[in-house]
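Source file: protein_9.pdb. Holds: PDB, C-alpha atoms (C1' of nucleotides).
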ATOM      1  CA  MET A 288      45.007  -4.175  62.293
ATOM      2  CA  ASP A 289      46.612  -6.114  65.145
ATOM      3  CA  GLU A 290      48.924  -3.156  64.949
ATOM      4  CA  SER A 291      46.377  -0.563  65.934
ATOM      5  CA  LEU A 292      47.429   1.467  68.937
ATOM      6  CA  GLY A 293      44.127   0.742  70.631
ATOM      7  CA  PHE A 294      44.574  -2.987  70.265
ATOM      8  CA  LEU A 295      48.166  -2.809  71.524
ATOM      9  CA  LEU A 296      47.130  -0.799  74.579
ATOM     10  CA  HIS A 297      44.366  -3.288  75.258
ATOM     11  CA  GLN A 298      46.735  -6.230  75.008
ATOM     12  CA  VAL A 299      49.514  -4.781  77.141
ATOM     13  CA  ARG A 300      47.129  -3.661  79.842
ATOM     14  CA  GLY A 301      45.537  -7.099  79.842
ATOM     15  CA  ARG A 302      48.848  -8.888  80.184
ATOM     16  CA  LEU A 303      49.904  -6.604  83.008
ATOM     17  CA  VAL A 304      46.688  -7.073  84.939
ATOM     18  CA  THR A 305      46.733 -10.841  84.500
ATOM     19  CA  ALA A 306      50.357 -11.067  85.626
ATOM     20  CA  ILE A 307      49.807  -8.873  88.665
ATOM     21  CA  ASP A 308      46.643 -10.739  89.618
ATOM     22  CA  ALA A 309      48.547 -14.022  89.440
ATOM     23  CA  GLU A 310      51.167 -12.685  91.865
ATOM     24  CA  LEU A 311      48.516 -11.223  94.156
ATOM     25  CA  GLU A 312      46.484 -14.408  94.276
ATOM     26  CA  PRO A 313      48.053 -15.767  97.501
ATOM     27  CA  LEU A 314      47.079 -12.514  99.222
ATOM     28  CA  ASP A 315      43.454 -12.975  98.167
ATOM     29  CA  ILE A 316      43.164  -9.601  96.498
ATOM     30  CA  THR A 317      43.076  -8.354  92.908
ATOM     31  CA  TRP A 318      44.777  -5.510  91.085
ATOM     32  CA  ALA A 319      41.565  -3.486  90.930
ATOM     33  CA  GLN A 320      40.854  -3.997  94.632
ATOM     34  CA  TRP A 321      44.403  -3.073  95.508
ATOM     35  CA  GLY A 322      44.152   0.161  93.516
ATOM     36  CA  THR A 323      41.040   1.161  95.407
ATOM     37  CA  LEU A 324      42.574   0.219  98.748
ATOM     38  CA  LEU A 325      45.638   2.315  97.999
ATOM     39  CA  LYS A 326      43.630   5.417  97.255
ATOM     40  CA  ILE A 327      41.889   5.086 100.579
ATOM     41  CA  ALA A 328      45.104   4.300 102.440
ATOM     42  CA  ASN A 329      46.835   7.356 100.978
ATOM     43  CA  GLY A 330      44.035   9.537 102.214
ATOM     44  CA  ARG A 331      43.409  10.589  98.629
ATOM     45  CA  ALA A 332      39.803   9.509  98.842
ATOM     46  CA  ASN A 333      37.617   9.267 101.908
ATOM     47  CA  THR A 334      34.345   8.669 100.127
ATOM     48  CA  ALA A 335      32.997   6.628  97.233
ATOM     49  CA  SER A 336      32.468   9.584  94.946
ATOM     50  CA  GLU A 337      35.986  10.899  95.540
ATOM     51  CA  LEU A 338      37.235   7.480  94.509
ATOM     52  CA  CYS A 339      35.153   7.590  91.348
ATOM     53  CA  ARG A 340      36.414  11.017  90.415
ATOM     54  CA  SER A 341      40.048  10.141  90.969
ATOM     55  CA  MET A 342      39.773   6.968  88.914
ATOM     56  CA  ALA A 343      37.288   8.204  86.308
ATOM     57  CA  GLY A 344      34.944   5.409  87.260
ATOM     58  CA  ASP A 345      31.287   4.711  87.730
ATOM     59  CA  THR A 346      29.600   5.116  91.126
ATOM     60  CA  GLY A 347      27.534   1.962  90.750
ATOM     61  CA  SER A 348      30.576  -0.112  90.043
ATOM     62  CA  MET A 349      32.396   1.536  92.950
ATOM     63  CA  THR A 350      29.622   0.638  95.383
ATOM     64  CA  ARG A 351      30.109  -3.004  94.537
ATOM     65  CA  MET A 352      33.903  -2.742  94.687
ATOM     66  CA  LEU A 353      33.561  -1.326  98.209
ATOM     67  CA  ASP A 354      31.132  -4.145  99.023
ATOM     68  CA  ARG A 355      33.833  -6.658  98.137
ATOM     69  CA  LEU A 356      36.523  -4.852 100.131
ATOM     70  CA  GLU A 357      34.220  -4.504 103.117
ATOM     71  CA  GLN A 358      33.199  -8.123 102.918
ATOM     72  CA  LYS A 359      36.878  -9.111 102.982
ATOM     73  CA  GLY A 360      37.245  -7.026 106.117
ATOM     74  CA  LEU A 361      39.736  -4.608 104.578
ATOM     75  CA  ILE A 362      37.745  -1.377 104.831
ATOM     76  CA  ARG A 363      35.113   0.160 107.073
ATOM     77  CA  ARG A 364      32.110   2.251 106.007
ATOM     78  CA  GLU A 365      30.681   4.852 108.378
ATOM     79  CA  ARG A 366      27.822   7.196 107.592
ATOM     80  CA  SER A 367      28.970  10.763 108.223
ATOM     81  CA  SER A 368      27.102  12.693 110.913
ATOM     82  CA  GLU A 369      27.666  16.148 109.384
ATOM     83  CA  ASP A 370      26.484  15.237 105.901
ATOM     84  CA  ARG A 371      24.328  12.173 106.094
ATOM     85  CA  ARG A 372      24.599  11.503 102.354
ATOM     86  CA  ILE A 373      28.279  10.678 102.754
ATOM     87  CA  VAL A 374      29.765   7.361 103.777
ATOM     88  CA  GLN A 375      33.235   7.809 105.239
ATOM     89  CA  LEU A 376      35.792   5.158 104.251
ATOM     90  CA  SER A 377      38.745   3.917 106.273
ATOM     91  CA  LEU A 378      41.031   0.898 106.410
ATOM     92  CA  THR A 379      40.572  -1.766 109.039
ATOM     93  CA  GLU A 380      43.601  -3.205 110.833
ATOM     94  CA  ALA A 381      43.652  -6.032 108.282
ATOM     95  CA  GLY A 382      43.629  -3.483 105.472
ATOM     96  CA  GLN A 383      46.455  -1.520 107.013
ATOM     97  CA  LYS A 384      48.505  -4.669 107.403
ATOM     98  CA  LEU A 385      47.870  -5.777 103.838
ATOM     99  CA  TYR A 386      48.429  -2.700 101.783
ATOM    100  CA  PRO A 387      52.186  -2.168 102.236
ATOM    101  CA  GLN A 388      52.781  -5.669 100.859
ATOM    102  CA  LEU A 389      51.284  -4.795  97.518
ATOM    103  CA  PRO A 390      53.415  -2.128  95.785
ATOM    104  CA  PRO A 391      56.565  -4.310  95.580
ATOM    105  CA  ILE A 392      54.568  -6.933  93.686
ATOM    106  CA  ALA A 393      53.295  -4.418  91.160
ATOM    107  CA  VAL A 394      56.784  -2.998  90.720
ATOM    108  CA  LYS A 395      58.240  -6.440  90.138
ATOM    109  CA  VAL A 396      55.712  -7.326  87.427
ATOM    110  CA  LEU A 397      56.077  -3.929  85.806
ATOM    111  CA  ASN A 398      59.851  -4.328  85.695
ATOM    112  CA  GLN A 399      59.507  -7.720  84.072
ATOM    113  CA  HIS A 400      57.469  -6.137  81.311
ATOM    114  CA  LEU A 401      59.894  -3.231  81.021
ATOM    115  CA  ARG A 402      62.979  -5.373  80.585
ATOM    116  CA  GLY A 403      65.396  -3.579  78.284
ATOM    117  CA  PHE A 404      63.775  -0.155  78.719
ATOM    118  CA  SER A 405      65.924   2.794  79.689
ATOM    119  CA  ARG A 406      64.663   5.252  82.252
ATOM    120  CA  ASP A 407      64.270   7.771  79.441
ATOM    121  CA  GLU A 408      62.166   5.423  77.385
ATOM    122  CA  LEU A 409      59.882   4.753  80.323
ATOM    123  CA  GLU A 410      59.464   8.463  80.942
ATOM    124  CA  THR A 411      58.771   9.041  77.251
ATOM    125  CA  MET A 412      56.048   6.437  77.239
ATOM    126  CA  LYS A 413      54.444   7.847  80.360
ATOM    127  CA  ARG A 414      54.536  11.308  78.801
ATOM    128  CA  PHE A 415      52.795   9.986  75.688
ATOM    129  CA  LEU A 416      50.083   8.388  77.771
ATOM    130  CA  ARG A 417      49.529  11.538  79.797
ATOM    131  CA  ARG A 418      49.208  13.510  76.570
ATOM    132  CA  MET A 419      46.568  11.086  75.329
ATOM    133  CA  LEU A 420      44.698  11.415  78.606
ATOM    134  CA  SER A 421      44.723  15.179  78.378
ATOM    135  CA  ASN A 422      43.523  14.973  74.765
ATOM    136  CA  ALA A 423      40.651  12.839  76.027
ATOM    137  CA  ASP A 424      39.603  15.590  78.403
ATOM    138  CA  ASP A 425      37.952  17.816  75.863
TER
ATOM    139  CA  MET B 197      50.953   6.402  92.266
ATOM    140  CA  ASP B 198      48.472   7.788  89.733
ATOM    141  CA  GLU B 199      51.662   7.994  87.755
ATOM    142  CA  SER B 200      52.320   4.295  87.535
ATOM    143  CA  LEU B 201      52.615   3.045  83.985
ATOM    144  CA  GLY B 202      50.045   0.361  84.668
ATOM    145  CA  PHE B 203      47.507   2.856  85.887
ATOM    146  CA  LEU B 204      48.155   5.148  82.911
ATOM    147  CA  LEU B 205      47.736   2.292  80.438
ATOM    148  CA  HIS B 206      44.525   1.291  82.174
ATOM    149  CA  GLN B 207      43.163   4.830  82.029
ATOM    150  CA  VAL B 208      44.055   5.524  78.407
ATOM    151  CA  ARG B 209      42.689   2.210  77.218
ATOM    152  CA  GLY B 210      39.497   2.856  79.154
ATOM    153  CA  ARG B 211      39.003   6.302  77.667
ATOM    154  CA  LEU B 212      39.614   4.989  74.164
ATOM    155  CA  VAL B 213      37.156   2.143  74.531
ATOM    156  CA  THR B 214      34.487   4.383  76.031
ATOM    157  CA  ALA B 215      34.905   6.966  73.270
ATOM    158  CA  ILE B 216      34.787   4.377  70.493
ATOM    159  CA  ASP B 217      31.786   2.644  72.040
ATOM    160  CA  ALA B 218      29.965   5.983  72.192
ATOM    161  CA  GLU B 219      30.557   6.525  68.459
ATOM    162  CA  LEU B 220      29.592   2.951  67.634
ATOM    163  CA  GLU B 221      26.388   3.078  69.621
ATOM    164  CA  PRO B 222      24.113   4.032  66.684
ATOM    165  CA  LEU B 223      25.382   0.958  64.836
ATOM    166  CA  ASP B 224      24.394  -1.259  67.763
ATOM    167  CA  ILE B 225      27.821  -2.816  68.160
ATOM    168  CA  THR B 226      30.677  -2.445  70.620
ATOM    169  CA  TRP B 227      34.427  -2.123  70.242
ATOM    170  CA  ALA B 228      35.031  -5.670  71.464
ATOM    171  CA  GLN B 229      32.396  -7.082  69.116
ATOM    172  CA  TRP B 230      33.823  -5.138  66.231
ATOM    173  CA  GLY B 231      37.327  -6.490  66.913
ATOM    174  CA  THR B 232      36.035 -10.031  66.802
ATOM    175  CA  LEU B 233      34.012  -9.380  63.665
ATOM    176  CA  LEU B 234      37.063  -7.913  61.941
ATOM    177  CA  LYS B 235      39.220 -10.946  62.647
ATOM    178  CA  ILE B 236      36.581 -13.149  61.078
ATOM    179  CA  ALA B 237      36.042 -10.816  58.138
ATOM    180  CA  ASN B 238      39.769 -10.693  57.389
ATOM    181  CA  GLY B 239      39.868 -14.445  57.262
ATOM    182  CA  ARG B 240      42.414 -14.387  60.074
ATOM    183  CA  ALA B 241      40.266 -16.644  62.190
ATOM    184  CA  ASN B 242      37.684 -19.147  61.033
ATOM    185  CA  THR B 243      37.106 -20.795  64.388
ATOM    186  CA  ALA B 244      36.638 -19.811  68.002
ATOM    187  CA  SER B 245      39.987 -21.139  69.144
ATOM    188  CA  GLU B 246      41.849 -19.324  66.371
ATOM    189  CA  LEU B 247      40.175 -16.145  67.580
ATOM    190  CA  CYS B 248      41.270 -16.839  71.138
ATOM    191  CA  ARG B 249      44.847 -17.462  70.120
ATOM    192  CA  SER B 250      45.067 -14.326  68.014
ATOM    193  CA  MET B 251      43.613 -12.168  70.742
ATOM    194  CA  ALA B 252      45.129 -13.945  73.736
ATOM    195  CA  GLY B 253      41.674 -14.480  75.130
ATOM    196  CA  ASP B 254      39.670 -17.081  76.956
ATOM    197  CA  THR B 255      37.600 -19.674  75.089
ATOM    198  CA  GLY B 256      34.685 -19.443  77.485
ATOM    199  CA  SER B 257      34.442 -15.730  77.049
ATOM    200  CA  MET B 258      34.776 -16.146  73.270
ATOM    201  CA  THR B 259      31.856 -18.574  73.130
ATOM    202  CA  ARG B 260      29.645 -15.931  74.679
ATOM    203  CA  MET B 261      31.016 -13.195  72.427
ATOM    204  CA  LEU B 262      30.109 -15.334  69.409
ATOM    205  CA  ASP B 263      26.682 -15.936  70.945
ATOM    206  CA  ARG B 264      26.105 -12.184  70.974
ATOM    207  CA  LEU B 265      27.337 -11.713  67.409
ATOM    208  CA  GLU B 266      25.251 -14.627  66.195
ATOM    209  CA  GLN B 267      22.204 -13.357  68.042
ATOM    210  CA  LYS B 268      22.619 -10.000  66.308
ATOM    211  CA  GLY B 269      22.669 -11.825  63.007
ATOM    212  CA  LEU B 270      26.207 -10.753  62.127
ATOM    213  CA  ILE B 271      27.911 -14.140  61.999
ATOM    214  CA  ARG B 272      27.027 -17.725  61.181
ATOM    215  CA  ARG B 273      28.204 -20.862  62.991
ATOM    216  CA  GLU B 274      28.473 -24.143  61.084
ATOM    217  CA  ARG B 275      29.762 -27.369  62.550
ATOM    218  CA  SER B 276      32.559 -28.643  60.304
ATOM    219  CA  SER B 277      31.939 -31.966  58.598
ATOM    220  CA  GLU B 278      35.618 -32.952  58.393
ATOM    221  CA  ASP B 279      36.402 -32.291  62.046
ATOM    222  CA  ARG B 280      33.237 -32.327  64.037
ATOM    223  CA  ARG B 281      34.861 -30.586  67.021
ATOM    224  CA  ILE B 282      35.209 -27.419  64.995
ATOM    225  CA  VAL B 283      32.590 -24.750  64.415
ATOM    226  CA  GLN B 284      33.301 -22.797  61.275
ATOM    227  CA  LEU B 285      32.644 -19.057  61.474
ATOM    228  CA  SER B 286      31.572 -16.719  58.696
ATOM    229  CA  LEU B 287      29.922 -13.345  58.269
ATOM    230  CA  THR B 288      26.286 -13.052  57.298
ATOM    231  CA  GLU B 289      25.225 -10.487  54.711
ATOM    232  CA  ALA B 290      24.417  -8.099  57.572
ATOM    233  CA  GLY B 291      27.883  -8.635  58.990
ATOM    234  CA  GLN B 292      29.517  -7.996  55.633
ATOM    235  CA  LYS B 293      27.539  -4.815  55.230
ATOM    236  CA  LEU B 294      28.379  -3.578  58.697
ATOM    237  CA  TYR B 295      32.050  -4.206  59.041
ATOM    238  CA  PRO B 296      33.472  -1.706  56.490
ATOM    239  CA  GLN B 297      31.695   1.101  58.353
ATOM    240  CA  LEU B 298      33.679   0.525  61.500
ATOM    241  CA  PRO B 299      37.378   1.251  60.873
ATOM    242  CA  PRO B 300      36.841   4.954  60.022
ATOM    243  CA  ILE B 301      35.161   5.435  63.402
ATOM    244  CA  ALA B 302      38.044   3.854  65.277
ATOM    245  CA  VAL B 303      40.541   5.920  63.290
ATOM    246  CA  LYS B 304      38.658   9.109  64.049
ATOM    247  CA  VAL B 305      38.587   8.499  67.800
ATOM    248  CA  LEU B 306      42.219   7.423  67.824
ATOM    249  CA  ASN B 307      43.219  10.589  66.002
ATOM    250  CA  GLN B 308      41.346  12.714  68.524
ATOM    251  CA  HIS B 309      43.398  11.132  71.280
ATOM    252  CA  LEU B 310      46.601  11.491  69.294
ATOM    253  CA  ARG B 311      46.210  15.200  68.630
ATOM    254  CA  GLY B 312      49.642  16.786  68.579
ATOM    255  CA  PHE B 313      51.511  13.533  68.023
ATOM    256  CA  SER B 314      53.983  13.256  65.176
ATOM    257  CA  ARG B 315      54.089  10.107  63.102
ATOM    258  CA  ASP B 316      57.431   9.304  64.712
ATOM    259  CA  GLU B 317      56.000   9.617  68.198
ATOM    260  CA  LEU B 318      53.142   7.299  67.345
ATOM    261  CA  GLU B 319      55.544   4.739  65.923
ATOM    262  CA  THR B 320      57.742   5.038  69.003
ATOM    263  CA  MET B 321      54.819   4.376  71.303
ATOM    264  CA  LYS B 322      53.712   1.372  69.281
ATOM    265  CA  ARG B 323      57.260   0.032  69.361
ATOM    266  CA  PHE B 324      57.328   0.391  73.145
ATOM    267  CA  LEU B 325      54.066  -1.490  73.487
ATOM    268  CA  ARG B 326      55.231  -4.290  71.198
ATOM    269  CA  ARG B 327      58.392  -4.608  73.285
ATOM    270  CA  MET B 328      56.311  -4.921  76.451
ATOM    271  CA  LEU B 329      54.188  -7.581  74.771
ATOM    272  CA  SER B 330      57.229  -9.545  73.773
ATOM    273  CA  ASN B 331      58.609  -9.238  77.302
ATOM    274  CA  ALA B 332      55.330 -10.686  78.543
ATOM    275  CA  ASP B 333      55.837 -13.766  76.378
ATOM    276  CA  ASP B 334      58.393 -15.448  78.575
TER
ATOM    277  C1'  DT C 143      41.755 -52.031  67.638
ATOM    278  C1'  DG C 144      41.524 -49.561  71.675
ATOM    279  C1'  DA C 145      43.260 -46.756  75.392
ATOM    280  C1'  DC C 146      45.177 -42.283  76.125
ATOM    281  C1'  DG C 147      46.249 -37.578  75.351
ATOM    282  C1'  DA C 148      45.188 -33.452  72.894
ATOM    283  C1'  DT C 149      41.878 -30.287  70.899
ATOM    284  C1'  DA C 150      37.389 -27.587  70.296
ATOM    285  C1'  DT C 151      33.592 -25.933  72.302
ATOM    286  C1'  DC C 152      30.452 -25.023  75.874
ATOM    287  C1'  DT C 153      28.709 -24.064  80.719
ATOM    288  C1'  DG C 154      28.831 -22.292  85.414
ATOM    289  C1'  DC C 155      30.757 -19.152  88.582
ATOM    290  C1'  DC C 156      33.377 -15.034  89.592
ATOM    291  C1'  DT C 157      35.302 -10.002  89.114
ATOM    292  C1'  DA C 158      34.863  -5.755  86.823
ATOM    293  C1'  DA C 159      33.084  -1.714  84.462
ATOM    294  C1'  DG C 160      29.309   1.078  82.341
ATOM    295  C1'  DC C 161      24.474   2.957  82.076
ATOM    296  C1'  DA C 162      19.963   4.193  83.844
ATOM    297  C1'  DG C 163      16.911   4.850  87.424
ATOM    298  C1'  DC C 164      16.010   5.424  92.413
ATOM    299  C1'  DT C 165      16.052   7.493  97.297
ATOM    300  C1'  DA C 166      17.740  10.465 100.790
ATOM    301  C1'  DA C 167      20.125  14.497 102.093
ATOM    302  C1'  DT C 168      21.956  18.969 101.125
ATOM    303  C1'  DT C 169      22.468  23.342  98.704
ATOM    304  C1'  DT C 170      20.743  26.993  95.764
ATOM    305  C1'  DG C 171      17.679  30.464  94.061
ATOM    306  C1'  DC C 172      13.554  32.920  94.168
TER
ATOM    307  C1'  DG D  14      10.960  29.587 103.681
ATOM    308  C1'  DC D  15      10.361  26.485 100.247
ATOM    309  C1'  DA D  16      10.628  24.499  95.523
ATOM    310  C1'  DA D  17      14.193  23.036  92.419
ATOM    311  C1'  DA D  18      18.616  21.476  91.363
ATOM    312  C1'  DT D  19      22.535  18.994  92.923
ATOM    313  C1'  DT D  20      25.088  15.447  95.331
ATOM    314  C1'  DA D  21      25.976  10.772  97.444
ATOM    315  C1'  DG D  22      25.137   6.348  97.417
ATOM    316  C1'  DC D  23      22.625   2.236  96.013
ATOM    317  C1'  DT D  24      20.326  -1.406  92.802
ATOM    318  C1'  DG D  25      19.206  -3.697  88.427
ATOM    319  C1'  DC D  26      20.657  -4.758  83.873
ATOM    320  C1'  DT D  27      24.257  -5.456  80.420
ATOM    321  C1'  DT D  28      28.921  -6.456  78.325
ATOM    322  C1'  DA D  29      33.339  -8.361  78.994
ATOM    323  C1'  DG D  30      36.966 -11.279  80.610
ATOM    324  C1'  DG D  31      39.187 -15.153  83.494
ATOM    325  C1'  DC D  32      39.201 -19.846  85.552
ATOM    326  C1'  DA D  33      37.683 -24.543  86.152
ATOM    327  C1'  DG D  34      35.182 -28.426  84.781
ATOM    328  C1'  DA D  35      32.418 -31.209  81.351
ATOM    329  C1'  DT D  36      31.627 -33.282  76.799
ATOM    330  C1'  DA D  37      32.582 -34.650  72.219
ATOM    331  C1'  DT D  38      35.807 -35.523  68.714
ATOM    332  C1'  DC D  39      40.217 -36.488  66.796
ATOM    333  C1'  DG D  40      45.125 -38.244  66.508
ATOM    334  C1'  DT D  41      48.607 -41.335  68.144
ATOM    335  C1'  DC D  42      50.758 -45.252  69.516
ATOM    336  C1'  DA D  43      51.137 -49.686  71.421
TER
END
Can you turn what I pasted into structure tokens?
Amino acid sequence: MDESLGFLLHQVRGRLVTAIDAELEPLDITWAQWGTLLKIANGRANTASELCRSMAGDTGSMTRMLDRLEQKGLIRRERSSEDRRIVQLSLTEAGQKLYPQLPPIAVKVLNQHLRGFSRDELETMKRFLRRMLSNADD
Amino acid sequence: MDESLGFLLHQVRGRLVTAIDAELEPLDITWAQWGTLLKIANGRANTASELCRSMAGDTGSMTRMLDRLEQKGLIRRERSSEDRRIVQLSLTEAGQKLYPQLPPIAVKVLNQHLRGFSRDELETMKRFLRRMLSNADD
DNA sequence: TGACGATATCTGCCTAAGCAGCTAATTTGC
DNA sequence: GCAAATTAGCTGCTTAGGCAGATATCGTCA
């Protein structure tokens, strides 16, 4: 039963997150925070609900994630004037300075865990995971 | 960047857990609780620290997990008389009655997410994940 | 024997994610 | 034009996991 796919996914994801968080620790940011920051930096999400949709997350949990990022001075929240329900998100100068430092760290940890994998094998695994995701969507 | 392996693993694992938890809800137990219960039921772990080792988890978090299982009346804790540091774990009658109901639910949800996968593909994916785990161990 | 290190468990503090319920603002439908 | 539904964001409650520190017990070795 340790061999269940669900358990394996859980374990691997946990190891990855722990390893990345350990490397990120000197920068005073976590993997989850970095992911959120990146979405904002890329312009893929300007509001909290866009973030939730693009990460399949909960809005309540996102509010608190944004609280943490704002409190660290990495993002700014501004109530929109056109639609006053919306809070527009943007990176502060500190956020803009921080976020390019992060991808190399994630890549390094990922490569450590992918030692011995061919490019084909990596692509195969990603294809499998995308198929599972699309199976989940119905 | 939504295409990073780490992000995909995170997403798939999340969807699986959410789907299993939804199915388990009428039984008033969660996926994480069920995993712990199963380890105890199988006799693979008679103590908290054995559980932690076999799941690569934290002892503090395990204490609280066992609190929840004990509070639900599914497990029993008994201080060992030979080594008084140890707390021996066992299933109550309720726990023994509950745990055989759980694997079919996990299998069902897993199969939904694996629609269209051949047995070979599943084995390949599991092999990949085990390789990543073993890469993590050094 | 008695000090020291290792082990087992527990507690407090933190991040994170999910659910339900709430308010305010906007859009839709009659 | 206005009631109803929808959307955006927030708060409280819960589970879960990680880290650090505390306590009690055990094993070892001088």
Got a sec to align chain B on chain A by every in-order Cα pair and hand back the fitted coordinates as a short mmCIF file (atom, residue, chain, number, x, y, z; two decimals) with C-alpha atoms, in the frame of the given file?
data_model
loop_
_atom_site.label_atom_id
_atom_site.label_comp_id
_atom_site.auth_asym_id
_atom_site.auth_seq_id
_atom_site.Cartn_x
_atom_site.Cartn_y
_atom_site.Cartn_z
CA MET B 197 45.01 -4.24 62.30
CA ASP B 198 46.63 -6.14 65.18
CA GLU B 199 48.91 -3.16 64.95
CA SER B 200 46.38 -0.55 65.93
CA LEU B 201 47.43 1.48 68.94
CA GLY B 202 44.13 0.75 70.63
CA PHE B 203 44.56 -2.97 70.26
CA LEU B 204 48.15 -2.80 71.52
CA LEU B 205 47.13 -0.79 74.58
CA HIS B 206 44.36 -3.27 75.26
CA GLN B 207 46.72 -6.22 74.99
CA VAL B 208 49.51 -4.78 77.13
CA ARG B 209 47.13 -3.65 79.84
CA GLY B 210 45.52 -7.08 79.83
CA ARG B 211 48.83 -8.89 80.18
CA LEU B 212 49.90 -6.60 83.01
CA VAL B 213 46.68 -7.06 84.93
CA THR B 214 46.72 -10.83 84.49
CA ALA B 215 50.35 -11.06 85.62
CA ILE B 216 49.80 -8.86 88.67
CA ASP B 217 46.63 -10.72 89.61
CA ALA B 218 48.53 -14.01 89.43
CA GLU B 219 51.15 -12.69 91.86
CA LEU B 220 48.51 -11.21 94.15
CA GLU B 221 46.47 -14.39 94.27
CA PRO B 222 48.04 -15.76 97.49
CA LEU B 223 47.08 -12.51 99.22
CA ASP B 224 43.45 -12.97 98.16
CA ILE B 225 43.17 -9.58 96.49
CA THR B 226 43.08 -8.34 92.92
CA TRP B 227 44.78 -5.49 91.10
CA ALA B 228 41.58 -3.46 90.93
CA GLN B 229 40.87 -3.99 94.63
CA TRP B 230 44.41 -3.05 95.51
CA GLY B 231 44.16 0.19 93.51
CA THR B 232 41.05 1.17 95.41
CA LEU B 233 42.57 0.23 98.74
CA LEU B 234 45.65 2.32 97.99
CA LYS B 235 43.63 5.44 97.23
CA ILE B 236 41.90 5.10 100.57
CA ALA B 237 45.11 4.31 102.43
CA ASN B 238 46.84 7.37 100.97
CA GLY B 239 44.04 9.55 102.20
CA ARG B 240 43.42 10.61 98.61
CA ALA B 241 39.81 9.52 98.82
CA ASN B 242 37.64 9.26 101.89
CA THR B 243 34.37 8.67 100.10
CA ALA B 244 33.03 6.64 97.21
CA SER B 245 32.50 9.61 94.93
CA GLU B 246 36.01 10.92 95.53
CA LEU B 247 37.27 7.50 94.49
CA CYS B 248 35.18 7.62 91.33
CA ARG B 249 36.43 11.05 90.40
CA SER B 250 40.07 10.15 90.95
CA MET B 251 39.79 6.99 88.92
CA ALA B 252 37.30 8.21 86.32
CA GLY B 253 34.99 5.39 87.25
CA ASP B 254 31.33 4.70 87.72
CA THR B 255 29.64 5.10 91.10
CA GLY B 256 27.56 1.96 90.72
CA SER B 257 30.59 -0.13 90.03
CA MET B 258 32.41 1.54 92.94
CA THR B 259 29.63 0.65 95.38
CA ARG B 260 30.11 -3.00 94.53
CA MET B 261 33.90 -2.73 94.69
CA LEU B 262 33.57 -1.32 98.21
CA ASP B 263 31.14 -4.12 99.04
CA ARG B 264 33.83 -6.64 98.15
CA LEU B 265 36.53 -4.83 100.13
CA GLU B 266 34.23 -4.47 103.12
CA GLN B 267 33.21 -8.11 102.91
CA LYS B 268 36.88 -9.09 102.99
CA GLY B 269 37.26 -7.02 106.12
CA LEU B 270 39.74 -4.59 104.57
CA ILE B 271 37.75 -1.37 104.82
CA ARG B 272 35.12 0.17 107.06
CA ARG B 273 32.11 2.24 106.00
CA GLU B 274 30.69 4.85 108.37
CA ARG B 275 27.83 7.16 107.54
CA SER B 276 28.98 10.73 108.20
CA SER B 277 27.12 12.61 110.91
CA GLU B 278 27.69 16.07 109.40
CA ASP B 279 26.49 15.17 105.91
CA ARG B 280 24.34 12.12 106.07
CA ARG B 281 24.62 11.49 102.31
CA ILE B 282 28.28 10.65 102.72
CA VAL B 283 29.79 7.34 103.74
CA GLN B 284 33.23 7.79 105.21
CA LEU B 285 35.80 5.17 104.23
CA SER B 286 38.75 3.92 106.25
CA LEU B 287 41.04 0.92 106.41
CA THR B 288 40.59 -1.76 109.03
CA GLU B 289 43.61 -3.18 110.82
CA ALA B 290 43.65 -6.01 108.27
CA GLY B 291 43.63 -3.48 105.46
CA GLN B 292 46.47 -1.51 107.01
CA LYS B 293 48.49 -4.67 107.39
CA LEU B 294 47.86 -5.78 103.84
CA TYR B 295 48.41 -2.70 101.79
CA PRO B 296 52.19 -2.17 102.24
CA GLN B 297 52.77 -5.67 100.86
CA LEU B 298 51.29 -4.80 97.51
CA PRO B 299 53.42 -2.14 95.79
CA PRO B 300 56.57 -4.32 95.58
CA ILE B 301 54.56 -6.94 93.68
CA ALA B 302 53.29 -4.42 91.16
CA VAL B 303 56.79 -3.00 90.73
CA LYS B 304 58.22 -6.45 90.15
CA VAL B 305 55.71 -7.34 87.44
CA LEU B 306 56.07 -3.94 85.81
CA ASN B 307 59.83 -4.34 85.70
CA GLN B 308 59.50 -7.75 84.07
CA HIS B 309 57.47 -6.15 81.30
CA LEU B 310 59.88 -3.24 81.02
CA ARG B 311 62.98 -5.38 80.59
CA GLY B 312 65.38 -3.57 78.29
CA PHE B 313 63.78 -0.16 78.74
CA SER B 314 65.92 2.79 79.73
CA ARG B 315 64.63 5.25 82.28
CA ASP B 316 64.25 7.78 79.47
CA GLU B 317 62.14 5.41 77.42
CA LEU B 318 59.86 4.74 80.35
CA GLU B 319 59.44 8.45 80.97
CA THR B 320 58.74 9.03 77.29
CA MET B 321 56.02 6.41 77.27
CA LYS B 322 54.41 7.83 80.39
CA ARG B 323 54.51 11.29 78.84
CA PHE B 324 52.77 9.97 75.73
CA LEU B 325 50.05 8.37 77.80
CA ARG B 326 49.50 11.52 79.85
CA ARG B 327 49.18 13.50 76.61
CA MET B 328 46.54 11.07 75.35
CA LEU B 329 44.68 11.41 78.64
CA SER B 330 44.71 15.16 78.40
CA ASN B 331 43.50 14.96 74.80
CA ALA B 332 40.63 12.82 76.05
CA ASP B 333 39.58 15.58 78.44
CA ASP B 334 37.94 17.80 75.87
#
Legend entry - Result set of the PyMOL selection byres ((chain B and resi 209) around 10) on the coordinates above, as a VMD selection string: (chain A and resid 292 to 300 416 419 to 420) or (chain B and resid 203 to 208 210 to 215)
Edge lengths and centre in Å, axis-aligned, range 388-399 of chain A plus 8 Å each side, as JSON:
{"center_x": 55.6, "center_y": -4.9, "center_z": 92.5, "size_x": 24.6, "size_y": 21.6, "size_z": 32.8}
